[in-house]
Amino acid sequence: MSSNGGRGMGTTTKIVFLGAGSMSFGLSLFQDLFSTSDLSGSTLTLVDQEADSLDRMVRLARLLNDRSGKLLRIESTSNRRAALDGAGFVVNAAAIARNRLWMLDFEIPKKLGIRHTLGENGGPGGLFFTMRTLPLIFDFVRDIEEICPNALFLNYSNPEGRIILALAKYSKIRAVGLCHGIFMARHDVARILGVPEDDVDVWGSGLNHFQCLLHIRHRQSGENLYPLLRERESGYDPSFMPLTRRLFRAFDYWLGCSDDHLGEYLAYGWEAGERGYDFDTDERERAAIRRTIDEVLVGQTEPPSDWRGPSGERGVDVIAAMLHNGKRLIESGVVLNQGAIPNLPADIAVEVPILVDAAGVHPVSLGPLPVPVADLMAMQANVQRLAVEAAVHASKELALRALLIDPVVNSSIAAEKLLQELWKVNQPYIRKCI
């Protein structure tokens, strides 16, 4: 077996998966790894601090690897630095007390009168996700800079845009954020069109969870489907995606990836609903996945058929394209703008198509956004930058400013109160990153 020693080149590589105890994302990664031969012979090293969760996912990876015949070498450890030695790619899905803290991110601002949708990527919740997540990310990054500086960091943790911006400004590593939001938008458009999803081809650019579909076409014929979408949307079930559709009528372009995600960036986003994330369903689904995995591991049931095919995520495609110089076009990646969207600031993170080859990740420009759409998105540029600075410097003063320029925050008094309360909750995780 040849090894690339962290260069991201050669016939095999070492992939380090941080946060490997994550069952939902871990399962998706396994689906993709074990349904392709592109990475056969490579090493997959699973890393997590939760011993039971890690053990479960290691055993599942080995079982699926054996069943698939893809011949990956499966390793595991709780020692991140040891895992990173020789890594060509580092995949991150780590989160800190995800549901417990996210629930507080939503409920505390809400009780103080902040009207918001999810509390994850925008508004007060987005700020505190950033404040507690960036120090953890930079722990990873400092080790990568020292041990495997040429590795590509593939990030799946939220808030994607702010993490990628912080890494671009304050680290030396190569990084890309990956999200399936573009496919969520395609799914919703296809539903209204009444066209099979696989027949719909979309091109989008913008911010993470806030993309503009610049082109919607029939995959086989190339027909522009926007006229048909405008026609069919006008008579479609009014209860489906009402906020997104009001914006569609106002701006004449479909903005994705869902009402609740889109609503995180808008002062009136609460009109999409103020229920927050459905934590109860999330916990039930995670428990169901855990039960199924445990049943599979003891031989009580066979792996479900959908575990044996691709998940739809694009991380493994990026790794394979870079490893084998595949010149692969990936529908969507979160990167530093630097002109990919000419009428958004160059120093913010954007989500655009990317081309991946042996040299790395290359943003693909679809040109400028429609001016009204760019104006709508540009409001988030300063929020994104200031939230990153607040987190990187562990500054309560900058955090307050980030709240006060966020369109979701409707009260300076509430901003000051929630800052004190959420700062106390997140204090164990907030620290300077540089």
# chains A, B, ... in the order shown; residues from 1 in each chain; ligands from 1
$ closest_atom_pairs --of "region 181-222 of chain A" --to "region 352-362 of chain A" --cutoff "12 Å" --atoms "only C-alpha atoms" --output "JSON lines"
{"residue": "A:Gly181", "atom": "CA", "partner": "A:Val352", "partner_atom": "CA", "distance": 11.5}
{"residue": "A:Ile182", "atom": "CA", "partner": "A:Val352", "partner_atom": "CA", "distance": 9.7}
{"residue": "A:Val202", "atom": "CA", "partner": "A:Pro353", "partner_atom": "CA", "distance": 10.6}
{"residue": "A:Trp203", "atom": "CA", "partner": "A:Pro353", "partner_atom": "CA", "distance": 7.7}
{"residue": "A:Gly204", "atom": "CA", "partner": "A:Val352", "partner_atom": "CA", "distance": 6.5}
{"residue": "A:Ser205", "atom": "CA", "partner": "A:Val352", "partner_atom": "CA", "distance": 4.6}
{"residue": "A:Gly206", "atom": "CA", "partner": "A:Val352", "partner_atom": "CA", "distance": 6.7}
{"residue": "A:Leu207", "atom": "CA", "partner": "A:Val352", "partner_atom": "CA", "distance": 8.2}
{"residue": "A:Asn208", "atom": "CA", "partner": "A:Val352", "partner_atom": "CA", "distance": 9.0}
{"residue": "A:His209", "atom": "CA", "partner": "A:Val352", "partner_atom": "CA", "distance": 11.5}
{"residue": "A:Phe210", "atom": "CA", "partner": "A:Val352", "partner_atom": "CA", "distance": 11.1}
{"residue": "A:Gln211", "atom": "CA", "partner": "A:Val352", "partner_atom": "CA", "distance": 8.5}
{"residue": "A:Cys212", "atom": "CA", "partner": "A:Val352", "partner_atom": "CA", "distance": 9.9}
{"residue": "A:Leu213", "atom": "CA", "partner": "A:Val352", "partner_atom": "CA", "distance": 10.5}
{"residue": "A:Leu214", "atom": "CA", "partner": "A:Val352", "partner_atom": "CA", "distance": 11.0}
$ select_by_dssp --residues "region 188-233 of chain A" --states "alpha helix (DSSP H)" --output "list in words"
Asp188, Val189, Ala190, Arg191, Ile192, Leu193, Tyr226, Pro227, Leu228, Leu229, Arg230, Glu231, Arg232 and Glu233 of chain A
$ write_last_selection --atoms "N, CA and C atoms" --output "short mmCIF file (atom, residue, chain, number, x, y, z; two decimals), in the first residue's frame"
data_model
loop_
_atom_site.label_atom_id
_atom_site.label_comp_id
_atom_site.auth_asym_id
_atom_site.auth_seq_id
_atom_site.Cartn_x
_atom_site.Cartn_y
_atom_site.Cartn_z
N ASP A 188 -37.20 20.79 -3.50
CA ASP A 188 -38.41 21.60 -3.36
C ASP A 188 -38.88 22.14 -4.71
N VAL A 189 -37.93 22.56 -5.53
CA VAL A 189 -38.28 23.06 -6.86
C VAL A 189 -38.90 21.95 -7.71
N ALA A 190 -38.29 20.77 -7.67
CA ALA A 190 -38.81 19.64 -8.45
C ALA A 190 -40.22 19.27 -8.00
N ARG A 191 -40.47 19.38 -6.70
CA ARG A 191 -41.80 19.06 -6.17
C ARG A 191 -42.85 20.00 -6.77
N ILE A 192 -42.55 21.28 -6.80
CA ILE A 192 -43.51 22.24 -7.37
C ILE A 192 -43.66 22.03 -8.87
N LEU A 193 -42.55 21.77 -9.55
CA LEU A 193 -42.58 21.55 -10.99
C LEU A 193 -43.35 20.29 -11.36
N TYR A 226 -37.36 27.76 -15.32
CA TYR A 226 -37.88 28.88 -14.53
C TYR A 226 -39.28 29.32 -14.97
N PRO A 227 -39.54 29.45 -16.29
CA PRO A 227 -40.91 29.84 -16.68
C PRO A 227 -41.97 28.86 -16.17
N LEU A 228 -41.69 27.58 -16.24
CA LEU A 228 -42.63 26.58 -15.76
C LEU A 228 -42.77 26.66 -14.24
N LEU A 229 -41.67 26.93 -13.53
CA LEU A 229 -41.73 27.07 -12.07
C LEU A 229 -42.62 28.25 -11.69
N ARG A 230 -42.47 29.37 -12.37
CA ARG A 230 -43.30 30.55 -12.07
C ARG A 230 -44.77 30.24 -12.30
N GLU A 231 -45.04 29.51 -13.35
CA GLU A 231 -46.42 29.16 -13.67
C GLU A 231 -47.02 28.23 -12.63
N ARG A 232 -46.31 27.17 -12.27
CA ARG A 232 -46.86 26.16 -11.38
C ARG A 232 -46.83 26.60 -9.91
N GLU A 233 -45.87 27.44 -9.55
CA GLU A 233 -45.79 27.91 -8.17
C GLU A 233 -47.04 28.72 -7.81
#
$ closest_atom_pairs --of "region 157-261 of chain A" --to "region 75-95 of chain A" --cutoff "12 Å" --atoms "only C-alpha atoms" --output "tab-separated table"
residue	atom	partner	partner_atom	distance
A:Ser157	CA	A:Ala93	CA	5.1
A:Asn158	CA	A:Ala95	CA	8.3
A:Pro159	CA	A:Ala95	CA	10.4
A:Glu160	CA	A:Ala93	CA	10.9
A:Ile163	CA	A:Asn92	CA	11.3
A:Ile173	CA	A:Val90	CA	10.9
A:Arg174	CA	A:Phe89	CA	10.0
A:Ala175	CA	A:Val90	CA	9.3
A:Val176	CA	A:Val91	CA	10.0
A:Gly177	CA	A:Asn92	CA	9.6
A:Leu178	CA	A:Val91	CA	10.2
A:Cys179	CA	A:Ala93	CA	11.5
$ write_last_selection --atoms "N, CA and C atoms" --output "PDB file, in the first residue's frame"
ATOM      1  N   SER A 157     -19.473  20.764  10.059  1.00  0.00           N
ATOM      2  CA  SER A 157     -20.084  21.351  11.248  1.00  0.00           C
ATOM      3  C   SER A 157     -20.592  22.757  10.968  1.00  0.00           C
ATOM      4  N   ASN A 158     -21.684  23.117  11.612  1.00  0.00           N
ATOM      5  CA  ASN A 158     -22.197  24.482  11.534  1.00  0.00           C
ATOM      6  C   ASN A 158     -21.578  25.337  12.628  1.00  0.00           C
ATOM      7  N   PRO A 159     -21.562  26.658  12.426  1.00  0.00           N
ATOM      8  CA  PRO A 159     -22.010  27.396  11.247  1.00  0.00           C
ATOM      9  C   PRO A 159     -20.939  27.404  10.155  1.00  0.00           C
ATOM     10  N   GLU A 160     -21.251  26.748   9.038  1.00  0.00           N
ATOM     11  CA  GLU A 160     -20.271  26.506   7.970  1.00  0.00           C
ATOM     12  C   GLU A 160     -19.569  27.782   7.511  1.00  0.00           C
ATOM     13  N   ILE A 163     -17.133  29.286  10.066  1.00  0.00           N
ATOM     14  CA  ILE A 163     -15.958  28.449  10.280  1.00  0.00           C
ATOM     15  C   ILE A 163     -14.981  28.613   9.122  1.00  0.00           C
ATOM     16  N   ILE A 173      -4.158  26.286   6.804  1.00  0.00           N
ATOM     17  CA  ILE A 173      -4.577  25.044   6.175  1.00  0.00           C
ATOM     18  C   ILE A 173      -5.530  25.298   5.004  1.00  0.00           C
ATOM     19  N   ARG A 174      -5.671  24.273   4.167  1.00  0.00           N
ATOM     20  CA  ARG A 174      -6.675  24.299   3.106  1.00  0.00           C
ATOM     21  C   ARG A 174      -7.963  23.726   3.656  1.00  0.00           C
ATOM     22  N   ALA A 175      -9.082  24.403   3.383  1.00  0.00           N
ATOM     23  CA  ALA A 175     -10.352  23.964   3.954  1.00  0.00           C
ATOM     24  C   ALA A 175     -11.486  24.226   2.983  1.00  0.00           C
ATOM     25  N   VAL A 176     -12.500  23.378   3.056  1.00  0.00           N
ATOM     26  CA  VAL A 176     -13.731  23.574   2.294  1.00  0.00           C
ATOM     27  C   VAL A 176     -14.893  23.111   3.164  1.00  0.00           C
ATOM     28  N   GLY A 177     -15.994  23.835   3.107  1.00  0.00           N
ATOM     29  CA  GLY A 177     -17.209  23.424   3.794  1.00  0.00           C
ATOM     30  C   GLY A 177     -18.140  22.729   2.816  1.00  0.00           C
ATOM     31  N   LEU A 178     -18.803  21.691   3.274  1.00  0.00           N
ATOM     32  CA  LEU A 178     -19.709  20.931   2.410  1.00  0.00           C
ATOM     33  C   LEU A 178     -21.078  20.839   3.067  1.00  0.00           C
ATOM     34  N   CYS A 179     -22.112  21.036   2.256  1.00  0.00           N
ATOM     35  CA  CYS A 179     -23.484  21.074   2.746  1.00  0.00           C
ATOM     36  C   CYS A 179     -24.402  20.553   1.652  1.00  0.00           C
TER      37      CYS A 179
END
$ closest_residue --among "A:Gly333, A:Gly263, A:Pro342, A:Gly125" --to "Leu369 (chain A)" --atoms "only C-alpha atoms"
A:Pro342
$ residues_around --residues "Phe30 (chain A)" --least-positions-apart "5" --cutoff "9 Å" --atoms "only C-alpha atoms" --output "list in words"
Phe25, Ser35, Leu60, Ala61, Leu64, Asn65, Trp307, Arg308, Pro310 and Ser311 of chain A
$ write_last_selection --atoms "C-alpha atoms" --output "short mmCIF file (atom, residue, chain, number, x, y, z; two decimals), in the first residue's frame"
data_model
loop_
_atom_site.label_atom_id
_atom_site.label_comp_id
_atom_site.auth_asym_id
_atom_site.auth_seq_id
_atom_site.Cartn_x
_atom_site.Cartn_y
_atom_site.Cartn_z
CA PHE A 25 -23.28 11.73 9.53
CA SER A 35 -20.01 2.22 -2.32
CA LEU A 60 -20.09 -0.78 11.94
CA ALA A 61 -17.35 0.56 9.64
CA LEU A 64 -19.67 -2.58 6.10
CA ASN A 65 -16.09 -2.60 4.84
CA TRP A 307 -26.81 1.75 3.58
CA ARG A 308 -25.22 0.11 0.56
CA PRO A 310 -24.28 6.71 -1.88
CA SER A 311 -25.77 9.12 0.67
#
$ atom_distance --atom1 "CA of Asp260 (chain A)" --atom2 "CA of Gly122 (chain A)"
10.7 Å
$ select_by_dssp --residues "region 115-267 of chain A" --states "strand (DSSP E)" --output "PyMOL selection string"
chain A and resi 152-155+174-177+200-207+210-218+254-256
$ write_last_selection --atoms "N, CA and C atoms" --output "short mmCIF file (atom, residue, chain, number, x, y, z; two decimals), in the first residue's frame"
data_model
loop_
_atom_site.label_atom_id
_atom_site.label_comp_id
_atom_site.auth_asym_id
_atom_site.auth_seq_id
_atom_site.Cartn_x
_atom_site.Cartn_y
_atom_site.Cartn_z
N LEU A 152 -6.22 18.34 3.41
CA LEU A 152 -7.43 19.14 3.16
C LEU A 152 -8.41 18.89 4.29
N PHE A 153 -8.93 19.97 4.87
CA PHE A 153 -9.91 19.92 5.96
C PHE A 153 -11.30 20.06 5.35
N LEU A 154 -12.12 19.02 5.49
CA LEU A 154 -13.48 19.03 4.97
C LEU A 154 -14.43 19.21 6.15
N ASN A 155 -15.09 20.36 6.20
CA ASN A 155 -15.92 20.68 7.35
C ASN A 155 -17.40 20.47 7.07
N ARG A 174 -5.67 24.27 4.17
CA ARG A 174 -6.67 24.30 3.11
C ARG A 174 -7.96 23.73 3.66
N ALA A 175 -9.08 24.40 3.38
CA ALA A 175 -10.35 23.96 3.95
C ALA A 175 -11.49 24.23 2.98
N VAL A 176 -12.50 23.38 3.06
CA VAL A 176 -13.73 23.57 2.29
C VAL A 176 -14.89 23.11 3.16
N GLY A 177 -15.99 23.84 3.11
CA GLY A 177 -17.21 23.42 3.79
C GLY A 177 -18.14 22.73 2.82
N VAL A 200 -34.00 17.38 -12.81
CA VAL A 200 -33.82 18.82 -12.58
C VAL A 200 -32.36 19.11 -12.27
N ASP A 201 -31.79 20.05 -13.00
CA ASP A 201 -30.40 20.46 -12.81
C ASP A 201 -30.39 21.91 -12.34
N VAL A 202 -29.71 22.18 -11.22
CA VAL A 202 -29.68 23.54 -10.69
C VAL A 202 -28.24 24.02 -10.52
N TRP A 203 -28.04 25.31 -10.70
CA TRP A 203 -26.78 25.98 -10.42
C TRP A 203 -27.08 27.12 -9.46
N GLY A 204 -26.39 27.13 -8.33
CA GLY A 204 -26.65 28.15 -7.34
C GLY A 204 -25.40 28.76 -6.76
N SER A 205 -25.54 29.98 -6.24
CA SER A 205 -24.44 30.62 -5.51
C SER A 205 -25.04 31.58 -4.50
N GLY A 206 -24.26 31.88 -3.48
CA GLY A 206 -24.72 32.78 -2.42
C GLY A 206 -24.01 32.46 -1.13
N LEU A 207 -24.74 32.43 -0.02
CA LEU A 207 -24.20 32.09 1.28
C LEU A 207 -24.67 30.70 1.66
N PHE A 210 -28.31 29.96 2.12
CA PHE A 210 -28.93 31.17 1.58
C PHE A 210 -28.42 31.35 0.15
N GLN A 211 -28.70 30.35 -0.68
CA GLN A 211 -28.23 30.38 -2.06
C GLN A 211 -29.33 30.83 -3.02
N CYS A 212 -28.91 31.41 -4.10
CA CYS A 212 -29.81 31.80 -5.18
C CYS A 212 -29.64 30.81 -6.33
N LEU A 213 -30.72 30.16 -6.75
CA LEU A 213 -30.65 29.28 -7.90
C LEU A 213 -30.67 30.12 -9.17
N LEU A 214 -29.49 30.32 -9.74
CA LEU A 214 -29.37 31.16 -10.92
C LEU A 214 -29.89 30.47 -12.17
N HIS A 215 -29.79 29.14 -12.19
CA HIS A 215 -30.27 28.38 -13.34
C HIS A 215 -31.01 27.14 -12.86
N ILE A 216 -32.18 26.90 -13.43
CA ILE A 216 -32.93 25.67 -13.20
C ILE A 216 -33.28 25.12 -14.58
N ARG A 217 -32.71 23.96 -14.90
CA ARG A 217 -32.89 23.42 -16.25
C ARG A 217 -33.23 21.94 -16.21
N HIS A 218 -33.83 21.47 -17.29
CA HIS A 218 -34.07 20.04 -17.44
C HIS A 218 -32.74 19.38 -17.77
N TRP A 254 -35.35 31.68 -7.09
CA TRP A 254 -35.58 30.78 -5.96
C TRP A 254 -34.39 30.85 -5.02
N LEU A 255 -34.66 31.14 -3.75
CA LEU A 255 -33.62 31.22 -2.73
C LEU A 255 -33.76 30.01 -1.81
N GLY A 256 -32.66 29.32 -1.55
CA GLY A 256 -32.71 28.10 -0.74
C GLY A 256 -31.90 28.25 0.52
#
$ residues_around --residues "region 115-118 of chain A" --least-positions-apart "2" --cutoff "8 Å" --atoms "only C-alpha atoms" --output "PyMOL selection string"
chain A and resi 106+109-110+113+120-121+123+125+260-261+263-264+269-270+272-277+408-410
$ residues_around --residues "region 43-53 of chain A" --least-positions-apart "2" --cutoff "6 Å" --atoms "only C-alpha atoms" --output "PyMOL selection string"
chain A and resi 14-21+55-56+72-78
$ closest_residue --among "A:Phe279, A:Phe129, A:Phe183, A:Phe248" --to "Ala390 (chain A)" --atoms "only C-alpha atoms"
A:Phe129
$ residues_around --residues "Pro345 (chain A)" --least-positions-apart "4" --cutoff "8 Å" --atoms "only C-alpha atoms" --output "list in words"
Asn337, Gln338, Gly339, Ala378 and Ala381 of chain A
$ write_last_selection --atoms "N, CA and C atoms" --output "compact mmCIF listing (two decimals), in the first residue's frame"
# COMPACT_ATOMS: atom_id res chain seq x y z
N ASN A 337 -14.75 33.93 -0.61
CA ASN A 337 -15.28 34.46 -1.87
C ASN A 337 -14.18 34.82 -2.87
N GLN A 338 -13.38 35.80 -2.55
CA GLN A 338 -12.27 36.24 -3.41
C GLN A 338 -12.69 36.41 -4.87
N GLY A 339 -13.88 36.97 -5.07
CA GLY A 339 -14.32 37.29 -6.41
C GLY A 339 -15.18 36.25 -7.08
N ALA A 378 -26.00 40.73 1.15
CA ALA A 378 -24.88 41.55 1.65
C ALA A 378 -25.08 42.00 3.08
N ALA A 381 -22.92 40.12 5.47
CA ALA A 381 -21.45 40.14 5.38
C ALA A 381 -20.82 40.64 6.68
$ residues_around --residues "Leu336 (chain A)" --least-positions-apart "3" --cutoff "9 Å" --atoms "only C-alpha atoms" --output "number ranges by chain"
A: 161, 164-165, 168, 176, 339-340, 346-351, 363
